[in-house]
Amino acid sequence: MSVFDQSRRVRITAALDELPVIEVDGLDLAPTVEAYRITQVPGKAPEVTLFLKPGWKGLDLDVLAEVSAEPADLRHVVVDFLNAVDAQKLDEAVFAREDLDGRPGELTRGLLSQLKEWAASA
């Protein structure tokens, strides 16, 4: 759900011990931002994604960037990750684990451990 559909002037200044400055076209959005993500492909303008609700990160940015604003609810990220899991590869990975112990719930524990490992490396 993108709120902005064109390049905007973005200024982000944040430090661990200070309140952040997060401005889009001079409008202070810091009180509504929980997190933000900045990505850039060489040769293209940076893309800034704002996750709404109060929050901060440590960096200083003052460039033209493509901006999108998304709800802070990240459940869609989890759903997308699980949708991308190949069931056969998951079966193979779980059954190859050395931490299966024969106790009740071992397959569930193995599945959860495998998914956590894959998510951590994604």
# chains A, B, ... in the order shown; residues from 1 in each chain; ligands from 1
$ residues_around --residues "A:Asp91" --least-positions-apart "5" --cutoff "10 Å" --atoms "only C-alpha atoms" --output "list in words"
Asp86, Ala96, Leu107, Gly110, Leu111 and Gln114 of chain A
$ residues_around --residues "stretch 24-26 of chain A" --least-positions-apart "6" --cutoff "6 Å" --atoms "only C-alpha atoms" --output "list of chain:residue names"
A:Arg8, A:Arg9, A:Val10
$ atom_distance --atom1 "atom CA of A:Glu34" --atom2 "atom CA of A:Phe51"
5.5 Å
$ residues_around --residues "stretch 35-38 of chain A" --least-positions-apart "2" --cutoff "6 Å" --atoms "only C-alpha atoms" --output "ChimeraX atom specification"
/A:33,47-51,55
$ write_last_selection --atoms "N, CA, C and O atoms" --output "short mmCIF file (atom, residue, chain, number, x, y, z; two decimals), in the first residue's frame"
data_model
loop_
_atom_site.label_atom_id
_atom_site.label_comp_id
_atom_site.auth_asym_id
_atom_site.auth_seq_id
_atom_site.Cartn_x
_atom_site.Cartn_y
_atom_site.Cartn_z
N VAL A 33 6.42 6.86 12.51
CA VAL A 33 7.24 5.81 11.89
C VAL A 33 7.79 4.86 12.95
O VAL A 33 8.45 5.27 13.89
N GLU A 47 15.29 3.68 -2.57
CA GLU A 47 13.88 3.49 -2.26
C GLU A 47 13.75 3.43 -0.74
O GLU A 47 14.45 2.67 -0.07
N VAL A 48 12.88 4.26 -0.18
CA VAL A 48 12.67 4.32 1.26
C VAL A 48 11.28 3.80 1.56
O VAL A 48 10.29 4.27 0.99
N THR A 49 11.20 2.80 2.43
CA THR A 49 9.92 2.28 2.88
C THR A 49 9.76 2.65 4.35
O THR A 49 10.63 2.37 5.16
N LEU A 50 8.66 3.32 4.67
CA LEU A 50 8.38 3.72 6.04
C LEU A 50 7.32 2.77 6.62
O LEU A 50 6.27 2.59 6.01
N PHE A 51 7.62 2.19 7.77
CA PHE A 51 6.66 1.34 8.48
C PHE A 51 6.09 2.20 9.60
O PHE A 51 6.82 2.65 10.49
N GLY A 55 9.25 5.28 16.11
CA GLY A 55 10.45 4.46 16.19
C GLY A 55 11.62 5.14 15.53
O GLY A 55 11.50 6.25 15.02
#
$ closest_residue --among "A:Gln88, A:Ser113, A:Thr13, A:Gln40" --to "A:Asp28" --atoms "only C-alpha atoms"
A:Thr13
